[in-house]
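Here is the file target.cif (mmCIF, C-alpha atoms).
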```cif
data_upload
#
loop_
_atom_site.group_PDB
_atom_site.id
_atom_site.type_symbol
_atom_site.label_atom_id
_atom_site.label_comp_id
_atom_site.auth_asym_id
_atom_site.auth_seq_id
_atom_site.Cartn_x
_atom_site.Cartn_y
_atom_site.Cartn_z
ATOM 1 C CA MET A 2 0.000 0.000 0.000
ATOM 2 C CA LEU A 3 1.334 3.448 -0.877
ATOM 3 C CA PRO A 4 1.876 5.845 2.028
ATOM 4 C CA GLY A 5 -1.254 7.883 2.512
ATOM 5 C CA LYS A 6 -3.369 5.592 0.364
ATOM 6 C CA LYS A 7 -7.039 5.657 1.285
ATOM 7 C CA SER A 8 -7.989 2.413 2.948
ATOM 8 C CA GLY A 9 -10.869 0.645 1.269
ATOM 9 C CA PHE A 10 -9.952 1.818 -2.222
ATOM 10 C CA GLU A 11 -9.261 -1.060 -4.584
ATOM 11 C CA LEU A 12 -7.186 -0.438 -7.698
ATOM 12 C CA ASP A 13 -8.436 -2.464 -10.657
ATOM 13 C CA VAL A 14 -6.159 -5.474 -11.016
ATOM 14 C CA ARG A 15 -5.531 -4.868 -14.735
ATOM 15 C CA LEU A 16 -4.360 -1.311 -14.048
ATOM 16 C CA GLU A 17 -2.228 -2.572 -11.169
ATOM 17 C CA ARG A 18 -0.542 -5.279 -13.255
ATOM 18 C CA ALA A 19 0.185 -2.903 -16.149
ATOM 19 C CA SER A 20 1.847 -0.243 -14.049
ATOM 20 C CA ILE A 21 4.323 0.727 -11.339
ATOM 21 C CA PRO A 22 3.477 3.006 -8.393
ATOM 22 C CA VAL A 23 5.071 6.481 -8.561
ATOM 23 C CA MET A 24 3.478 8.506 -5.779
ATOM 24 C CA TRP A 25 0.230 9.478 -4.139
ATOM 25 C CA LEU A 26 -0.985 12.954 -5.046
ATOM 26 C CA GLY A 27 -3.915 13.623 -2.763
ATOM 27 C CA LEU A 28 -6.857 12.569 -4.886
ATOM 28 C CA CYS A 29 -5.046 10.331 -7.338
ATOM 29 C CA GLU A 30 -2.554 7.551 -7.197
ATOM 30 C CA LEU A 31 0.073 8.283 -9.838
ATOM 31 C CA ARG A 32 1.493 5.246 -11.632
ATOM 32 C CA LEU A 33 3.776 4.622 -14.607
ATOM 33 C CA ILE A 34 2.587 2.239 -17.310
ATOM 34 C CA ASN A 35 5.312 -0.353 -17.657
ATOM 35 C CA ASP A 36 5.897 0.168 -21.371
ATOM 36 C CA ARG A 37 9.178 1.802 -22.283
ATOM 37 C CA ARG A 38 7.978 2.696 -25.777
ATOM 38 C CA TRP A 39 6.257 5.794 -24.332
ATOM 39 C CA PRO A 40 6.593 7.749 -21.114
ATOM 40 C CA TRP A 41 3.035 6.990 -20.071
ATOM 41 C CA LEU A 42 1.547 7.899 -16.716
ATOM 42 C CA LEU A 43 -1.689 6.840 -15.138
ATOM 43 C CA LEU A 44 -3.774 8.863 -12.692
ATOM 44 C CA VAL A 45 -6.349 6.939 -10.687
ATOM 45 C CA PRO A 46 -8.658 8.952 -8.422
ATOM 46 C CA GLN A 47 -8.990 6.996 -5.185
ATOM 47 C CA ARG A 48 -12.747 6.952 -5.198
ATOM 48 C CA ASN A 49 -14.795 3.800 -5.317
ATOM 49 C CA ASP A 50 -17.479 3.153 -7.917
ATOM 50 C CA ILE A 51 -16.683 6.140 -10.154
ATOM 51 C CA GLU A 52 -16.625 5.440 -13.901
ATOM 52 C CA GLU A 53 -16.949 8.920 -15.420
ATOM 53 C CA MET A 54 -15.031 12.121 -14.752
ATOM 54 C CA HIS A 55 -18.337 13.976 -14.475
ATOM 55 C CA ASP A 56 -19.434 11.656 -11.636
ATOM 56 C CA LEU A 57 -16.686 12.978 -9.365
ATOM 57 C CA THR A 58 -17.838 15.702 -6.957
ATOM 58 C CA PRO A 59 -17.032 19.267 -8.092
ATOM 59 C CA LEU A 60 -14.250 19.432 -5.473
ATOM 60 C CA ASP A 61 -12.726 16.167 -6.700
ATOM 61 C CA GLN A 62 -12.964 17.430 -10.279
ATOM 62 C CA ALA A 63 -11.054 20.558 -9.266
ATOM 63 C CA MET A 64 -8.406 18.438 -7.530
ATOM 64 C CA LEU A 65 -8.124 16.169 -10.543
ATOM 65 C CA THR A 66 -7.635 19.184 -12.818
ATOM 66 C CA PHE A 67 -4.899 20.471 -10.520
ATOM 67 C CA GLU A 68 -3.120 17.105 -10.297
ATOM 68 C CA LEU A 69 -3.469 16.475 -14.027
ATOM 69 C CA SER A 70 -1.931 19.845 -14.816
ATOM 70 C CA MET A 71 0.938 19.275 -12.379
ATOM 71 C CA VAL A 72 1.660 15.800 -13.757
ATOM 72 C CA SER A 73 1.389 16.922 -17.371
ATOM 73 C CA LYS A 74 3.837 19.806 -16.829
ATOM 74 C CA ALA A 75 6.302 17.567 -14.983
ATOM 75 C CA LEU A 76 6.115 14.903 -17.692
ATOM 76 C CA LYS A 77 6.756 17.473 -20.419
ATOM 77 C CA GLN A 78 9.684 18.916 -18.491
ATOM 78 C CA VAL A 79 11.295 15.568 -17.719
ATOM 79 C CA THR A 80 10.861 14.028 -21.173
ATOM 80 C CA ASP A 81 11.247 17.213 -23.260
ATOM 81 C CA CYS A 82 8.387 15.867 -25.397
ATOM 82 C CA ASP A 83 6.530 17.877 -28.044
ATOM 83 C CA THR A 84 3.105 17.524 -26.452
ATOM 84 C CA VAL A 85 1.211 15.655 -23.770
ATOM 85 C CA ASN A 86 -1.751 13.470 -24.716
ATOM 86 C CA ILE A 87 -4.461 12.940 -22.128
ATOM 87 C CA SER A 88 -7.087 10.255 -22.418
ATOM 88 C CA VAL A 89 -10.065 9.128 -20.392
ATOM 89 C CA ALA A 90 -11.337 5.875 -21.916
ATOM 90 C CA CYS A 91 -12.803 3.539 -19.337
ATOM 91 C CA ASN A 92 -14.273 1.101 -21.840
ATOM 92 C CA ALA A 93 -12.537 -2.154 -20.962
ATOM 93 C CA VAL A 94 -11.464 -1.172 -17.432
ATOM 94 C CA ARG A 95 -14.456 0.657 -15.984
ATOM 95 C CA GLN A 96 -12.658 2.173 -12.993
ATOM 96 C CA LEU A 97 -12.010 5.843 -13.745
ATOM 97 C CA HIS A 98 -8.395 6.302 -14.828
ATOM 98 C CA ILE A 99 -6.625 8.937 -16.882
ATOM 99 C CA ASP A 100 -3.735 8.221 -19.226
ATOM 100 C CA VAL A 101 -1.119 10.953 -19.621
ATOM 101 C CA VAL A 102 1.388 10.257 -22.369
ATOM 102 C CA ALA A 103 4.469 12.172 -23.522
ATOM 103 C CA ARG A 104 4.409 12.357 -27.317
ATOM 104 C CA SER A 105 7.185 13.410 -29.673
ATOM 105 C CA ARG A 106 7.560 13.839 -33.396
ATOM 106 C CA SER A 107 10.209 11.121 -33.240
ATOM 107 C CA ASP A 108 8.019 8.530 -31.506
ATOM 108 C CA PRO A 109 6.936 5.433 -33.457
ATOM 109 C CA ALA A 110 3.210 6.265 -33.564
ATOM 110 C CA TRP A 111 3.374 10.052 -34.117
ATOM 111 C CA PRO A 112 1.015 11.780 -34.855
ATOM 112 C CA GLY A 113 -1.418 8.890 -34.389
ATOM 113 C CA PRO A 114 -2.602 7.325 -31.151
ATOM 114 C CA ILE A 115 -0.444 4.884 -29.182
ATOM 115 C CA TRP A 116 -3.257 2.374 -28.680
ATOM 116 C CA ASP A 117 -1.892 -0.174 -31.151
ATOM 117 C CA GLY A 118 -2.761 -3.309 -29.189
ATOM 118 C CA GLU A 119 0.872 -4.429 -29.293
ATOM 119 C CA PRO A 120 2.260 -6.011 -26.116
ATOM 120 C CA HIS A 121 3.876 -3.595 -23.699
ATOM 121 C CA GLN A 122 7.676 -3.532 -23.587
ATOM 122 C CA PRO A 123 8.639 -3.413 -19.914
ATOM 123 C CA TYR A 124 11.333 -1.023 -18.693
ATOM 124 C CA MET A 125 14.806 -2.268 -17.922
ATOM 125 C CA ARG A 126 15.529 -1.882 -14.224
ATOM 126 C CA GLN A 127 18.539 0.373 -14.888
ATOM 127 C CA SER A 128 16.495 2.905 -16.889
ATOM 128 C CA LEU A 129 13.389 2.790 -14.700
ATOM 129 C CA ALA A 130 14.936 4.020 -11.453
ATOM 130 C CA PRO A 131 16.525 7.197 -12.905
ATOM 131 C CA PHE A 132 13.312 8.051 -14.785
ATOM 132 C CA LEU A 133 11.178 7.697 -11.654
ATOM 133 C CA GLU A 134 13.692 9.761 -9.705
ATOM 134 C CA LYS A 135 13.604 12.617 -12.244
ATOM 135 C CA LEU A 136 9.819 12.477 -12.397
ATOM 136 C CA ARG A 137 9.356 12.562 -8.622
ATOM 137 C CA ALA A 138 11.817 15.464 -8.388
ATOM 138 C CA ALA A 139 9.785 17.435 -10.963
ATOM 139 C CA LEU A 140 6.491 16.931 -9.136
ATOM 140 C CA MET B 4 -19.192 33.928 -36.085
ATOM 141 C CA LEU B 5 -20.997 32.420 -33.107
ATOM 142 C CA PRO B 6 -22.783 34.870 -30.807
ATOM 143 C CA GLY B 7 -20.429 35.830 -28.012
ATOM 144 C CA LYS B 8 -17.363 34.517 -29.801
ATOM 145 C CA LYS B 9 -14.185 36.270 -28.745
ATOM 146 C CA SER B 10 -12.971 38.438 -31.557
ATOM 147 C CA GLY B 11 -9.422 37.696 -32.595
ATOM 148 C CA PHE B 12 -9.675 33.970 -31.857
ATOM 149 C CA GLU B 13 -9.031 31.841 -34.901
ATOM 150 C CA LEU B 14 -10.317 28.279 -34.977
ATOM 151 C CA ASP B 15 -7.895 25.950 -36.749
ATOM 152 C CA VAL B 16 -9.201 25.397 -40.265
ATOM 153 C CA ARG B 17 -8.973 21.587 -39.992
ATOM 154 C CA LEU B 18 -11.104 21.571 -36.848
ATOM 155 C CA GLU B 19 -13.530 23.964 -38.484
ATOM 156 C CA ARG B 20 -13.914 21.846 -41.623
ATOM 157 C CA ALA B 21 -14.413 18.622 -39.656
ATOM 158 C CA SER B 22 -17.158 19.967 -37.423
ATOM 159 C CA ILE B 23 -20.403 21.880 -37.017
ATOM 160 C CA PRO B 24 -20.946 24.685 -34.466
ATOM 161 C CA VAL B 25 -23.215 23.747 -31.547
ATOM 162 C CA MET B 26 -22.940 26.591 -29.065
ATOM 163 C CA TRP B 27 -20.567 28.838 -27.197
ATOM 164 C CA LEU B 28 -20.041 27.875 -23.569
ATOM 165 C CA GLY B 29 -18.065 30.718 -22.046
ATOM 166 C CA LEU B 30 -14.503 29.489 -22.393
ATOM 167 C CA CYS B 31 -15.015 26.935 -25.134
ATOM 168 C CA GLU B 32 -16.703 26.781 -28.460
ATOM 169 C CA LEU B 33 -18.651 23.525 -28.561
ATOM 170 C CA ARG B 34 -18.778 21.778 -31.937
ATOM 171 C CA LEU B 35 -19.986 18.433 -33.268
ATOM 172 C CA ILE B 36 -17.587 16.369 -35.379
ATOM 173 C CA ASN B 37 -19.427 15.662 -38.598
ATOM 174 C CA ASP B 38 -19.135 11.883 -38.412
ATOM 175 C CA ARG B 39 -22.345 10.036 -37.730
ATOM 176 C CA ARG B 40 -20.531 6.838 -36.711
ATOM 177 C CA TRP B 41 -20.044 8.312 -33.218
ATOM 178 C CA PRO B 42 -21.679 11.121 -31.278
ATOM 179 C CA TRP B 43 -18.431 13.075 -31.032
ATOM 180 C CA LEU B 44 -18.147 16.564 -29.616
ATOM 181 C CA LEU B 45 -15.274 18.984 -29.728
ATOM 182 C CA LEU B 46 -14.459 21.617 -27.120
ATOM 183 C CA VAL B 47 -12.103 24.383 -28.211
ATOM 184 C CA PRO B 48 -11.014 26.904 -25.573
ATOM 185 C CA GLN B 49 -11.080 30.317 -27.231
ATOM 186 C CA ARG B 50 -7.552 31.219 -26.284
ATOM 187 C CA ASN B 51 -4.848 31.937 -28.801
ATOM 188 C CA ASP B 52 -1.505 30.140 -28.835
ATOM 189 C CA ILE B 53 -2.382 27.471 -26.259
ATOM 190 C CA GLU B 54 -1.291 23.941 -27.122
ATOM 191 C CA GLU B 55 -1.439 22.162 -23.750
ATOM 192 C CA MET B 56 -4.187 21.997 -21.138
ATOM 193 C CA HIS B 57 -1.605 22.850 -18.477
ATOM 194 C CA ASP B 58 -0.763 26.100 -20.300
ATOM 195 C CA LEU B 59 -4.242 27.490 -19.633
ATOM 196 C CA THR B 60 -4.448 29.781 -16.598
ATOM 197 C CA PRO B 61 -5.763 28.102 -13.427
ATOM 198 C CA LEU B 62 -9.083 29.943 -13.874
ATOM 199 C CA ASP B 63 -9.402 28.764 -17.483
ATOM 200 C CA GLN B 64 -8.556 25.214 -16.355
ATOM 201 C CA ALA B 65 -11.358 25.389 -13.797
ATOM 202 C CA MET B 66 -13.766 26.668 -16.456
ATOM 203 C CA LEU B 67 -12.704 23.947 -18.850
ATOM 204 C CA THR B 68 -13.301 21.303 -16.169
ATOM 205 C CA PHE B 69 -16.764 22.711 -15.537
ATOM 206 C CA GLU B 70 -17.669 22.872 -19.239
ATOM 207 C CA LEU B 71 -16.221 19.416 -19.929
ATOM 208 C CA SER B 72 -18.272 17.923 -17.112
ATOM 209 C CA MET B 73 -21.453 19.644 -18.302
ATOM 210 C CA VAL B 74 -20.931 18.521 -21.905
ATOM 211 C CA SER B 75 -20.002 14.983 -20.918
ATOM 212 C CA LYS B 76 -23.124 14.597 -18.753
ATOM 213 C CA ALA B 77 -25.372 16.023 -21.462
ATOM 214 C CA LEU B 78 -23.855 13.751 -24.107
ATOM 215 C CA LYS B 79 -24.353 10.680 -21.919
ATOM 216 C CA GLN B 80 -27.938 11.670 -21.196
ATOM 217 C CA VAL B 81 -28.841 12.407 -24.811
ATOM 218 C CA THR B 82 -27.167 9.345 -26.334
ATOM 219 C CA ASP B 83 -27.741 6.893 -23.458
ATOM 220 C CA CYS B 84 -24.194 5.667 -24.121
ATOM 221 C CA ASP B 85 -22.241 3.330 -21.818
ATOM 222 C CA THR B 86 -19.388 5.736 -21.195
ATOM 223 C CA VAL B 87 -17.859 8.983 -22.388
ATOM 224 C CA ASN B 88 -14.316 9.022 -23.756
ATOM 225 C CA ILE B 89 -12.334 12.222 -23.453
ATOM 226 C CA SER B 90 -9.153 12.883 -25.362
ATOM 227 C CA VAL B 91 -6.630 15.683 -25.584
ATOM 228 C CA ALA B 92 -4.267 14.871 -28.442
ATOM 229 C CA CYS B 93 -2.997 17.978 -30.196
ATOM 230 C CA ASN B 94 -0.375 16.181 -32.277
ATOM 231 C CA ALA B 95 -1.442 16.975 -35.838
ATOM 232 C CA VAL B 96 -3.607 20.008 -35.011
ATOM 233 C CA ARG B 97 -1.636 21.917 -32.395
ATOM 234 C CA GLN B 98 -4.458 24.208 -31.280
ATOM 235 C CA LEU B 99 -5.760 22.921 -27.931
ATOM 236 C CA HIS B 100 -8.957 20.952 -28.475
ATOM 237 C CA ILE B 101 -10.710 18.260 -26.496
ATOM 238 C CA ASP B 102 -12.629 15.371 -28.049
ATOM 239 C CA VAL B 103 -15.631 14.069 -26.112
ATOM 240 C CA VAL B 104 -17.085 10.880 -27.567
ATOM 241 C CA ALA B 105 -20.133 8.818 -26.577
ATOM 242 C CA ARG B 106 -19.130 5.148 -26.555
ATOM 243 C CA SER B 107 -21.367 2.102 -26.371
ATOM 244 C CA ARG B 108 -20.834 -1.630 -26.229
ATOM 245 C CA SER B 109 -22.694 -1.822 -29.527
ATOM 246 C CA ASP B 110 -20.475 0.665 -31.371
ATOM 247 C CA PRO B 111 -18.198 -0.604 -34.164
ATOM 248 C CA ALA B 112 -14.898 0.096 -32.395
ATOM 249 C CA TRP B 113 -15.805 -0.888 -28.813
ATOM 250 C CA PRO B 114 -13.829 -1.226 -26.574
ATOM 251 C CA GLY B 115 -10.987 0.125 -28.706
ATOM 252 C CA PRO B 116 -10.348 3.710 -29.752
ATOM 253 C CA ILE B 117 -12.291 5.365 -32.581
ATOM 254 C CA TRP B 118 -9.190 6.808 -34.255
ATOM 255 C CA ASP B 119 -9.199 4.377 -37.176
ATOM 256 C CA GLY B 120 -8.145 6.824 -39.879
ATOM 257 C CA GLU B 121 -11.254 5.969 -41.907
ATOM 258 C CA PRO B 122 -12.997 8.869 -43.643
ATOM 259 C CA HIS B 123 -15.723 10.542 -41.626
ATOM 260 C CA GLN B 124 -19.318 9.738 -42.556
ATOM 261 C CA PRO B 125 -21.204 13.034 -42.516
ATOM 262 C CA TYR B 126 -24.607 13.292 -40.861
ATOM 263 C CA MET B 127 -27.766 13.335 -42.931
ATOM 264 C CA ARG B 128 -29.481 16.688 -42.578
ATOM 265 C CA GLN B 129 -32.672 15.082 -41.226
ATOM 266 C CA SER B 130 -30.856 13.362 -38.349
ATOM 267 C CA LEU B 131 -28.498 16.225 -37.557
ATOM 268 C CA ALA B 132 -31.086 18.858 -36.617
ATOM 269 C CA PRO B 133 -32.957 16.712 -34.038
ATOM 270 C CA PHE B 134 -29.674 15.590 -32.458
ATOM 271 C CA LEU B 135 -28.409 19.152 -32.107
ATOM 272 C CA GLU B 136 -31.767 20.211 -30.687
ATOM 273 C CA LYS B 137 -31.717 17.470 -28.018
ATOM 274 C CA LEU B 138 -28.111 18.249 -27.166
ATOM 275 C CA ARG B 139 -28.678 21.986 -26.802
ATOM 276 C CA ALA B 140 -31.745 21.303 -24.645
ATOM 277 C CA ALA B 141 -29.659 19.078 -22.335
ATOM 278 C CA LEU B 142 -26.930 21.695 -21.869
#
```
Could you take the file, read its structure, and then write that structure out as structure tokens?
Amino acid sequence: MLPGKKSGFELDVRLERASIPVMWLGLCELRLINDRRWPWLLLVPQRNDIEEMHDLTPLDQAMLTFELSMVSKALKQVTDCDTVNISVACNAVRQLHIDVVARSRSDPAWPGPIWDGEPHQPYMRQSLAPFLEKLRAAL
Amino acid sequence: MLPGKKSGFELDVRLERASIPVMWLGLCELRLINDRRWPWLLLVPQRNDIEEMHDLTPLDQAMLTFELSMVSKALKQVTDCDTVNISVACNAVRQLHIDVVARSRSDPAWPGPIWDGEPHQPYMRQSLAPFLEKLRAAL
């Protein structure tokens, strides 16, 4: 369990398996999708039974906006990407989660979406630790 | 020009060509992507030279959150969809714009993304007017 994590909140097991914990932000748990092809973060509001952004309370929506902005800026700074893509698509996994992906003209899917259905390519341990360190320092 | 539209704001010509004006919300111009395969709305904050959500001022971010929530709820109500997908991906068109798409288990791309690169299928005039009317009434 992450420090500060709300007890009683259950992260969807598919999201958990696909990602690595980064830090807890207040409303959201911030995680890194374990796919080295793209710097790809995941924000999961720690609220049970919420499937749509508009079903969060107005205060939670404001917090999410704040955390999303902070994470997006940090990701852009750390990766020096061209733009940040944000996606809310809770079709297969119904638990509300937000994907935040650093995109660059040089990336293999640019300018298209990264949802190619290909298997994820996990990080090497030696590149993961420095990336997480830089990211946490920027947040 | 839509009533209330900020003078001096220029909508990207590709966004303009792909969509139909719905209404002006305060911060954003709300438009409908002219593709009858999916009920697909477009929110464009009327701010010049903004390419990232995190580059909006905190007040504009709060307004965007409010308008996004309102539009998302209305779209879900009007279409009776299973979930609403939201996407910020300003890779090809750099002007900040947010896609809001009604998704259903019965739709042709479910649960995958709708970005299939296929040509858009424009609405028939007789189905467009009632849809816009219901949407405006729900907002």
Discussion item. Taking only C-alpha atoms into account, find every residue of chain A that has an atom no more than 7 Å from chain B, and write it out as a list in words.
Written reply: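 Taking only C-alpha atoms into account, His55, Ala63, Thr66, Ser70, Ser73, Lys74, Thr84, Asn86, Ile87, Ser88, Val89, Ala90, Asn92, Ala93 and Pro112 of chain A sit within 7 Å of chain B.
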The selected residues should be written to file as a PDB file, in the coordinates of the input (atoms: C-alpha atoms).
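Wrote part.pdb, looks like this:
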```pdb
ATOM      1  CA  HIS A  55     -18.337  13.976 -14.475  1.00  0.00           C
ATOM      2  CA  ALA A  63     -11.054  20.558  -9.266  1.00  0.00           C
ATOM      3  CA  THR A  66      -7.635  19.184 -12.818  1.00  0.00           C
ATOM      4  CA  SER A  70      -1.931  19.845 -14.816  1.00  0.00           C
ATOM      5  CA  SER A  73       1.389  16.922 -17.371  1.00  0.00           C
ATOM      6  CA  LYS A  74       3.837  19.806 -16.829  1.00  0.00           C
ATOM      7  CA  THR A  84       3.105  17.524 -26.452  1.00  0.00           C
ATOM      8  CA  ASN A  86      -1.751  13.470 -24.716  1.00  0.00           C
ATOM      9  CA  ILE A  87      -4.461  12.940 -22.128  1.00  0.00           C
ATOM     10  CA  SER A  88      -7.087  10.255 -22.418  1.00  0.00           C
ATOM     11  CA  VAL A  89     -10.065   9.128 -20.392  1.00  0.00           C
ATOM     12  CA  ALA A  90     -11.337   5.875 -21.916  1.00  0.00           C
ATOM     13  CA  ASN A  92     -14.273   1.101 -21.840  1.00  0.00           C
ATOM     14  CA  ALA A  93     -12.537  -2.154 -20.962  1.00  0.00           C
ATOM     15  CA  PRO A 112       1.015  11.780 -34.855  1.00  0.00           C
TER      16      PRO A 112
END
```
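CA of Asn51 in chain B to CA of Leu142 in chain B spans 25.3 Å [interatomic distance, one decimal].
Here CA of Phe10 in chain A is placed at a distance of 21.8 Å from CA of Asn35 in chain A.
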- [ ] Name all residues at most 7 Å from range 122-139 of chain A (count all atoms listed in the file; drop same-chain ones fewer than 3 positions away) and give them as a PyMOL selection string.
- [x] chain A and resi 23+35-38+75-76+79
Save out the residues we just selected, C-alpha atoms, as a PDB file, keeping the file's coordinate frame.
```pdb
ATOM      1  CA  VAL A  23       5.071   6.481  -8.561  1.00  0.00           C
ATOM      2  CA  ASN A  35       5.312  -0.353 -17.657  1.00  0.00           C
ATOM      3  CA  ASP A  36       5.897   0.168 -21.371  1.00  0.00           C
ATOM      4  CA  ARG A  37       9.178   1.802 -22.283  1.00  0.00           C
ATOM      5  CA  ARG A  38       7.978   2.696 -25.777  1.00  0.00           C
ATOM      6  CA  ALA A  75       6.302  17.567 -14.983  1.00  0.00           C
ATOM      7  CA  LEU A  76       6.115  14.903 -17.692  1.00  0.00           C
ATOM      8  CA  VAL A  79      11.295  15.568 -17.719  1.00  0.00           C
TER       9      VAL A  79
END
```
### Message
Report, in Å with one decimal, the straight-line distance from CA of His123 in chain B to CA of Ala21 in chain B.
### Response
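Separation of CA of His123 in chain B and CA of Ala21 in chain B: 8.4 Å.
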What do you get, as a compact mmCIF listing (two decimals) with C-alpha atoms, keeping the file's coordinate frame, if you spell out every residue that the PyMOL selection byres ((chain A and resi 43) around 7) selects here?
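Contents of part18.txt, freshly written:
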```
# COMPACT_ATOMS: atom_id res chain seq x y z
CA LEU A 31 0.07 8.28 -9.84
CA ARG A 32 1.49 5.25 -11.63
CA LEU A 33 3.78 4.62 -14.61
CA ILE A 34 2.59 2.24 -17.31
CA TRP A 41 3.04 6.99 -20.07
CA LEU A 42 1.55 7.90 -16.72
CA LEU A 44 -3.77 8.86 -12.69
CA VAL A 45 -6.35 6.94 -10.69
CA HIS A 98 -8.40 6.30 -14.83
CA ILE A 99 -6.62 8.94 -16.88
CA ASP A 100 -3.74 8.22 -19.23
CA VAL A 101 -1.12 10.95 -19.62
```
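Minimum atom-to-atom distances from A:Trp39, A:Glu68, A:Ile51, A:Trp25 to Ala103 in chain A were compared using only C-alpha atoms, and the lowest value belongs to A:Trp39.
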Take range 113-131 of chain A, bring it up to N, CA and C atoms, and give me the output as a PDB file, in the coordinates of the input.
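Just written: rebuild19.pdb:
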```pdb
ATOM      1  N   GLY A 113      -0.250   9.704 -34.731  1.00  0.00           N
ATOM      2  CA  GLY A 113      -1.418   8.890 -34.389  1.00  0.00           C
ATOM      3  C   GLY A 113      -1.445   8.505 -32.923  1.00  0.00           C
ATOM      4  N   PRO A 114      -2.482   7.765 -32.545  1.00  0.00           N
ATOM      5  CA  PRO A 114      -2.602   7.325 -31.151  1.00  0.00           C
ATOM      6  C   PRO A 114      -1.643   6.172 -30.841  1.00  0.00           C
ATOM      7  N   ILE A 115      -1.391   5.948 -29.570  1.00  0.00           N
ATOM      8  CA  ILE A 115      -0.444   4.884 -29.182  1.00  0.00           C
ATOM      9  C   ILE A 115      -1.153   3.563 -28.911  1.00  0.00           C
ATOM     10  N   TRP A 116      -2.484   3.564 -29.045  1.00  0.00           N
ATOM     11  CA  TRP A 116      -3.257   2.374 -28.680  1.00  0.00           C
ATOM     12  C   TRP A 116      -3.202   1.365 -29.824  1.00  0.00           C
ATOM     13  N   ASP A 117      -2.065   0.708 -30.000  1.00  0.00           N
ATOM     14  CA  ASP A 117      -1.892  -0.174 -31.151  1.00  0.00           C
ATOM     15  C   ASP A 117      -2.158  -1.638 -30.821  1.00  0.00           C
ATOM     16  N   GLY A 118      -2.472  -1.933 -29.558  1.00  0.00           N
ATOM     17  CA  GLY A 118      -2.761  -3.309 -29.189  1.00  0.00           C
ATOM     18  C   GLY A 118      -1.529  -4.197 -29.102  1.00  0.00           C
ATOM     19  N   GLU A 119      -0.363  -3.640 -29.400  1.00  0.00           N
ATOM     20  CA  GLU A 119       0.872  -4.429 -29.293  1.00  0.00           C
ATOM     21  C   GLU A 119       1.205  -4.670 -27.816  1.00  0.00           C
ATOM     22  N   PRO A 120       1.907  -5.773 -27.528  1.00  0.00           N
ATOM     23  CA  PRO A 120       2.260  -6.011 -26.116  1.00  0.00           C
ATOM     24  C   PRO A 120       3.192  -4.914 -25.587  1.00  0.00           C
ATOM     25  N   HIS A 121       3.008  -4.595 -24.335  1.00  0.00           N
ATOM     26  CA  HIS A 121       3.876  -3.595 -23.699  1.00  0.00           C
ATOM     27  C   HIS A 121       5.316  -4.106 -23.618  1.00  0.00           C
ATOM     28  N   GLN A 122       6.259  -3.172 -23.714  1.00  0.00           N
ATOM     29  CA  GLN A 122       7.676  -3.532 -23.587  1.00  0.00           C
ATOM     30  C   GLN A 122       8.183  -2.996 -22.259  1.00  0.00           C
ATOM     31  N   PRO A 123       8.288  -3.881 -21.263  1.00  0.00           N
ATOM     32  CA  PRO A 123       8.639  -3.413 -19.914  1.00  0.00           C
ATOM     33  C   PRO A 123       9.977  -2.668 -19.869  1.00  0.00           C
ATOM     34  N   TYR A 124      10.082  -1.746 -18.924  1.00  0.00           N
ATOM     35  CA  TYR A 124      11.333  -1.023 -18.693  1.00  0.00           C
ATOM     36  C   TYR A 124      12.425  -1.978 -18.214  1.00  0.00           C
ATOM     37  N   MET A 125      13.650  -1.627 -18.543  1.00  0.00           N
ATOM     38  CA  MET A 125      14.806  -2.268 -17.922  1.00  0.00           C
ATOM     39  C   MET A 125      14.977  -1.603 -16.556  1.00  0.00           C
ATOM     40  N   ARG A 126      15.389  -2.405 -15.577  1.00  0.00           N
ATOM     41  CA  ARG A 126      15.529  -1.882 -14.224  1.00  0.00           C
ATOM     42  C   ARG A 126      16.467  -0.659 -14.189  1.00  0.00           C
ATOM     43  N   GLN A 127      17.543  -0.702 -14.976  1.00  0.00           N
ATOM     44  CA  GLN A 127      18.539   0.373 -14.888  1.00  0.00           C
ATOM     45  C   GLN A 127      18.051   1.703 -15.485  1.00  0.00           C
ATOM     46  N   SER A 128      17.007   1.638 -16.356  1.00  0.00           N
ATOM     47  CA  SER A 128      16.495   2.905 -16.889  1.00  0.00           C
ATOM     48  C   SER A 128      15.268   3.370 -16.093  1.00  0.00           C
ATOM     49  N   LEU A 129      14.612   2.437 -15.432  1.00  0.00           N
ATOM     50  CA  LEU A 129      13.389   2.790 -14.700  1.00  0.00           C
ATOM     51  C   LEU A 129      13.684   3.681 -13.498  1.00  0.00           C
ATOM     52  N   ALA A 130      14.665   3.285 -12.696  1.00  0.00           N
ATOM     53  CA  ALA A 130      14.936   4.020 -11.453  1.00  0.00           C
ATOM     54  C   ALA A 130      15.288   5.490 -11.714  1.00  0.00           C
ATOM     55  N   PRO A 131      16.204   5.779 -12.656  1.00  0.00           N
ATOM     56  CA  PRO A 131      16.525   7.197 -12.905  1.00  0.00           C
ATOM     57  C   PRO A 131      15.324   7.984 -13.434  1.00  0.00           C
TER      58      PRO A 131
END
```
